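Quick notes on the structure that follows.
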There are 2 protein chains.
Amino acid sequence: MGRAPSTTHAEISHTALLLFMDRGFDQTTVDDIAREAGIGRRTFFRYFPSKNDLPWGQFDILLDRMRAHLASLPDEMPLMDQLRESILEFNRVPETEWAYHRRRMDLLLHVPTLLAHSTLRYASWRQVVAEHVARRLELPEDDLIPQTMAWTCLGVCLAAYEQWLGDEDSTLLDLLDQAFRLIDERIDTSTVQAHRSASM
Amino acid sequence: MGRAPSTTHAEISHTALLLFMDRGFDQTTVDDIAREAGIGRRTFFRYFPSKNDLPWGQFDILLDRMRAHLASLPDEMPLMDQLRESILEFNRVPETEWAYHRRRMDLLLHVPTLLAHSTLRYASWRQVVAEHVARRLELPEDDLIPQTMAWTCLGVCLAAYEQWLGDEDSTLLDLLDQAFRLIDERIDTSTVQAHRSASM
DNA sequence: GATACTAATGACACTCAGTGCCGTTGTGAA
DNA sequence: TTCACAACGGCACTGAGTGTCATTAGTATC
């Protein structure tokens, strides 16, 4: 009971993203966002802990889903296949939102403030990966191997995202899939040779 | 010519770090630092672009040194050996400063604000690694392989740093060396088995 | 329908990081 | 001494984020 909320996280987030895309992140103040969303400035900070959190929206929910997805896969499945499949699932976005998603990720990866802030989200994401790897390999979570694999997975994803952002005609899931299949093999000279000739 | 500087980057940085370690990063204001360093608040911002930049100090210089070190190594040397050796060199710190370095890195890795801000420094560091890998493998810098290797190297370093911070008696360079030798081999079940039995 | 309870809201004042502006101060050279 | 110049520091300003508190609008009860 009590007074009904006058807005939603999604509504504020969407309003703000449009402003960011229009005039830039740094040029948009919280006052601008609150005014545009028709709420008070103080109310804004009850929905989002900071301006930096706007582009991420419901990240925790996605993380829970990924954790569950990883846990649901059979132990017989090779570890890298589990990771690749779950990460693809994590990055699946309805085709109708591809353009929006592209602009959102462009902000997150290219606005310094957001790039820095995203580290905190990536840490949670890596934790999910590291937990799974640790469980599968029966190693402690803070062991070098799970930690390094989590960093590598993050790197692969971000490298694929950069490629995606740089090529209007590419498809995110294809790039992610290719990237994971590539690093699944040992990265040595022969792999590199094959990779290079394939990309020409 | 002109008026002589009344302080140095190192002096401000050192003063600030002591305050951070004493009362915490968030509990220390720029006014506190300026007062303690005997300079005006406005002068502080002429030496450092932000409070977040204090713990990093002279990072650019270290980066240049690492770039030069990588370039000086013979092409016959295996790529992973080049990276390992340069990274060890990059992380070499005089034994007299180990305790200080430990507390400094503890701040950088465990204070959320600094953790986030460090991303921007890591990006420059990864760039150095990626450039070298790209040159050695004759691939474009933004190719997936150099980018992923750079992320992996960063992950290895940070995982080793975490281990170091967690164990008072450990030596940073030893941990880094072990970590790099470990991931140099293919991370598969047999490697993991060997690793696990060795760490018991 | 009046009343009580409750949760969301928004106004206000405050702290602190960071910036632009400008007059002041100290130094070496003419 | 004087001039030029660079570092300095004070001041006022913007904008993010927080604590406090009165107000508003729903719901349940009588």
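Order determines the names: the first chain of the structure tokens is A, the second B, and so forth; residues in each chain are numbered 1 upward, and ligands are numbered 1 upward as they are shown.
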
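In chain B, the set of residues within 12 Å of chain D (atoms considered: only C-alpha atoms (C1' of nucleotides)) is Met1, Gly2, Arg3, Ala4, Pro5, Ser6, Thr7, Ala34, Gly38, Ile39, Gly40, Arg41, Arg42, Thr43, Phe44, Phe45, Arg46 and Tyr47 of chain B.
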
#### Entry: Residue list (helix (DSSP H, G or I), DSSP) for segment 50-169 of chain A, as number ranges by chain
A: 51-56, 59-72, 79-90, 95-110, 112-137, 144-166

### Spatial neighbours of Ala99 of chain B, max dist 12 Å, only C-alpha atoms (C1' of nucleotides), sep filter under 3 positions, as a PyMOL selection string
chain B and resi 93-96+102-106+164-165+168-172

Using only C-alpha atoms, I'd like a table of the residues in chain B that come within 7 Å of chain A; for each, show the closest atom pair and its distance in Å rounded to one decimal, ordered by chain and ascending number, as CSV.
```
residue,atom,partner,partner_atom,distance
B:Ala116,CA,A:Ala116,CA,4.7
B:His117,CA,A:Ala116,CA,5.3
B:Thr119,CA,A:Ala116,CA,5.4
B:Leu120,CA,A:Ala116,CA,6.4
B:Leu144,CA,A:Ala159,CA,6.0
B:Gln147,CA,A:Ala159,CA,6.3
B:Thr148,CA,A:Gly155,CA,5.3
B:Trp151,CA,A:Gly155,CA,5.0
B:Thr152,CA,A:Thr152,CA,4.8
B:Gly155,CA,A:Trp151,CA,5.0
B:Val156,CA,A:Thr148,CA,5.5
B:Ala159,CA,A:Leu144,CA,6.0
B:Arg186,CA,A:Arg186,CA,6.4
```

#### Entry: Contact residues (chain C, partner chain B, 6 Å, only C-alpha atoms (C1' of nucleotides)) as a ChimeraX atom specification
/C:26-28

Write the residues of the preceding selection, restricted to all heavy atoms, as a PDB file, in the first residue's frame.
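Contents of the output file again_16.pdb:
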```pdb
ATOM      1  P    DG C  26      56.249  36.212  -2.279  1.00  0.00           P
ATOM      2  OP1  DG C  26      56.094  35.408  -1.050  1.00  0.00           O
ATOM      3  OP2  DG C  26      56.471  37.680  -2.207  1.00  0.00           O
ATOM      4  O5'  DG C  26      57.428  35.569  -3.144  1.00  0.00           O
ATOM      5  C5'  DG C  26      57.390  34.189  -3.443  1.00  0.00           C
ATOM      6  C4'  DG C  26      58.013  33.932  -4.793  1.00  0.00           C
ATOM      7  O4'  DG C  26      57.348  34.723  -5.798  1.00  0.00           O
ATOM      8  C3'  DG C  26      59.505  34.291  -4.900  1.00  0.00           C
ATOM      9  O3'  DG C  26      60.173  33.155  -5.394  1.00  0.00           O
ATOM     10  C2'  DG C  26      59.536  35.440  -5.902  1.00  0.00           C
ATOM     11  C1'  DG C  26      58.312  35.129  -6.744  1.00  0.00           C
ATOM     12  N9   DG C  26      57.751  36.241  -7.508  1.00  0.00           N
ATOM     13  C8   DG C  26      57.284  37.444  -7.023  1.00  0.00           C
ATOM     14  N7   DG C  26      56.811  38.226  -7.968  1.00  0.00           N
ATOM     15  C5   DG C  26      56.978  37.488  -9.141  1.00  0.00           C
ATOM     16  C6   DG C  26      56.649  37.820 -10.476  1.00  0.00           C
ATOM     17  O6   DG C  26      56.139  38.849 -10.915  1.00  0.00           O
ATOM     18  N1   DG C  26      56.984  36.786 -11.345  1.00  0.00           N
ATOM     19  C2   DG C  26      57.562  35.607 -10.980  1.00  0.00           C
ATOM     20  N2   DG C  26      57.810  34.722 -11.951  1.00  0.00           N
ATOM     21  N3   DG C  26      57.866  35.274  -9.732  1.00  0.00           N
ATOM     22  C4   DG C  26      57.547  36.267  -8.869  1.00  0.00           C
ATOM     23  P    DT C  27      61.733  32.923  -5.007  1.00  0.00           P
ATOM     24  OP1  DT C  27      61.876  31.551  -4.482  1.00  0.00           O
ATOM     25  OP2  DT C  27      62.198  34.072  -4.203  1.00  0.00           O
ATOM     26  O5'  DT C  27      62.460  32.986  -6.416  1.00  0.00           O
ATOM     27  C5'  DT C  27      62.179  31.968  -7.398  1.00  0.00           C
ATOM     28  C4'  DT C  27      62.423  32.501  -8.776  1.00  0.00           C
ATOM     29  O4'  DT C  27      61.517  33.569  -9.076  1.00  0.00           O
ATOM     30  C3'  DT C  27      63.810  33.103  -9.004  1.00  0.00           C
ATOM     31  O3'  DT C  27      64.660  32.131  -9.603  1.00  0.00           O
ATOM     32  C2'  DT C  27      63.571  34.288  -9.931  1.00  0.00           C
ATOM     33  C1'  DT C  27      62.071  34.255 -10.174  1.00  0.00           C
ATOM     34  N1   DT C  27      61.450  35.593 -10.262  1.00  0.00           N
ATOM     35  C2   DT C  27      61.023  36.036 -11.493  1.00  0.00           C
ATOM     36  O2   DT C  27      61.135  35.383 -12.511  1.00  0.00           O
ATOM     37  N3   DT C  27      60.448  37.285 -11.498  1.00  0.00           N
ATOM     38  C4   DT C  27      60.266  38.113 -10.414  1.00  0.00           C
ATOM     39  O4   DT C  27      59.741  39.227 -10.540  1.00  0.00           O
ATOM     40  C5   DT C  27      60.742  37.608  -9.149  1.00  0.00           C
ATOM     41  C7   DT C  27      60.607  38.442  -7.929  1.00  0.00           C
ATOM     42  C6   DT C  27      61.306  36.367  -9.138  1.00  0.00           C
ATOM     43  P    DG C  28      66.220  32.465  -9.819  1.00  0.00           P
ATOM     44  OP1  DG C  28      66.966  31.186  -9.711  1.00  0.00           O
ATOM     45  OP2  DG C  28      66.583  33.633  -8.992  1.00  0.00           O
ATOM     46  O5'  DG C  28      66.242  32.932 -11.348  1.00  0.00           O
ATOM     47  C5'  DG C  28      65.751  32.055 -12.353  1.00  0.00           C
ATOM     48  C4'  DG C  28      65.715  32.766 -13.693  1.00  0.00           C
ATOM     49  O4'  DG C  28      64.834  33.925 -13.595  1.00  0.00           O
ATOM     50  C3'  DG C  28      67.075  33.317 -14.154  1.00  0.00           C
ATOM     51  O3'  DG C  28      67.181  33.142 -15.569  1.00  0.00           O
ATOM     52  C2'  DG C  28      67.013  34.786 -13.766  1.00  0.00           C
ATOM     53  C1'  DG C  28      65.530  35.107 -13.939  1.00  0.00           C
ATOM     54  N9   DG C  28      65.045  36.171 -13.073  1.00  0.00           N
ATOM     55  C8   DG C  28      65.277  36.316 -11.726  1.00  0.00           C
ATOM     56  N7   DG C  28      64.696  37.369 -11.211  1.00  0.00           N
ATOM     57  C5   DG C  28      64.045  37.960 -12.289  1.00  0.00           C
ATOM     58  C6   DG C  28      63.252  39.143 -12.334  1.00  0.00           C
ATOM     59  O6   DG C  28      62.964  39.908 -11.423  1.00  0.00           O
ATOM     60  N1   DG C  28      62.791  39.381 -13.628  1.00  0.00           N
ATOM     61  C2   DG C  28      63.049  38.592 -14.711  1.00  0.00           C
ATOM     62  N2   DG C  28      62.515  38.989 -15.865  1.00  0.00           N
ATOM     63  N3   DG C  28      63.782  37.490 -14.678  1.00  0.00           N
ATOM     64  C4   DG C  28      64.252  37.237 -13.434  1.00  0.00           C
TER      65       DG C  28
END
```

Quick one: residues within 8 Å of His9 of chain A, only C-alpha atoms (C1' of nucleotides) counted, chain neighbours fewer than 2 positions away excluded, as a tab-separated table (two decimals) with all heavy atoms, in the first residue's frame?
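The result, stored in result.tsv:
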```tsv
chain	number	residue	atom	x	y	z
A	7	THR	N	6.69	6.65	-11.69
A	7	THR	CA	7.48	6.29	-12.87
A	7	THR	C	8.10	4.91	-12.65
A	7	THR	O	7.78	4.24	-11.67
A	7	THR	CB	8.57	7.34	-13.13
A	7	THR	OG1	9.28	7.03	-14.32
A	7	THR	CG2	9.55	7.40	-11.98
A	11	GLU	N	11.49	3.60	-17.59
A	11	GLU	CA	11.05	4.86	-18.18
A	11	GLU	C	12.13	5.93	-18.03
A	11	GLU	O	12.48	6.63	-18.99
A	11	GLU	CB	9.76	5.30	-17.48
A	11	GLU	CG	9.01	6.40	-18.20
A	11	GLU	CD	7.67	6.69	-17.51
A	11	GLU	OE1	6.97	5.72	-17.15
A	11	GLU	OE2	7.36	7.88	-17.31
A	12	ILE	N	12.68	6.04	-16.83
A	12	ILE	CA	13.74	7.03	-16.59
A	12	ILE	C	14.95	6.71	-17.46
A	12	ILE	O	15.52	7.58	-18.12
A	12	ILE	CB	14.16	7.04	-15.10
A	12	ILE	CG1	12.98	7.42	-14.22
A	12	ILE	CG2	15.32	7.99	-14.89
A	12	ILE	CD1	13.28	7.35	-12.74
A	13	SER	N	15.33	5.44	-17.44
A	13	SER	CA	16.51	5.01	-18.20
A	13	SER	C	16.36	5.34	-19.68
A	13	SER	O	17.27	5.88	-20.30
A	13	SER	CB	16.70	3.50	-18.00
A	13	SER	OG	17.77	3.05	-18.79
A	47	TYR	N	15.69	6.15	-7.63
A	47	TYR	CA	15.60	5.08	-8.63
A	47	TYR	C	16.98	4.60	-9.06
A	47	TYR	O	17.18	3.43	-9.30
A	47	TYR	CB	14.80	5.56	-9.84
A	47	TYR	CG	13.30	5.51	-9.62
A	47	TYR	CD1	12.64	6.53	-8.95
A	47	TYR	CD2	12.55	4.43	-10.07
A	47	TYR	CE1	11.27	6.48	-8.74
A	47	TYR	CE2	11.18	4.38	-9.87
A	47	TYR	CZ	10.55	5.40	-9.20
A	47	TYR	OH	9.21	5.34	-8.99
A	48	PHE	N	17.92	5.54	-9.18
A	48	PHE	CA	19.28	5.17	-9.61
A	48	PHE	C	20.30	5.79	-8.65
A	48	PHE	O	20.20	6.97	-8.34
A	48	PHE	CB	19.56	5.66	-11.03
A	48	PHE	CG	18.76	4.94	-12.07
A	48	PHE	CD1	17.52	5.42	-12.49
A	48	PHE	CD2	19.23	3.75	-12.63
A	48	PHE	CE1	16.77	4.74	-13.43
A	48	PHE	CE2	18.49	3.07	-13.58
A	48	PHE	CZ	17.26	3.56	-13.99
A	57	GLY	N	20.80	-0.18	-16.56
A	57	GLY	CA	19.44	-0.64	-16.25
A	57	GLY	C	19.41	-1.84	-15.32
A	57	GLY	O	19.91	-1.80	-14.21
```

### Task
Just give me the gap between atom CA of Gly24 of chain A and atom CA of Leu107 of chain A in Å, one decimal is fine.
8.8 Å
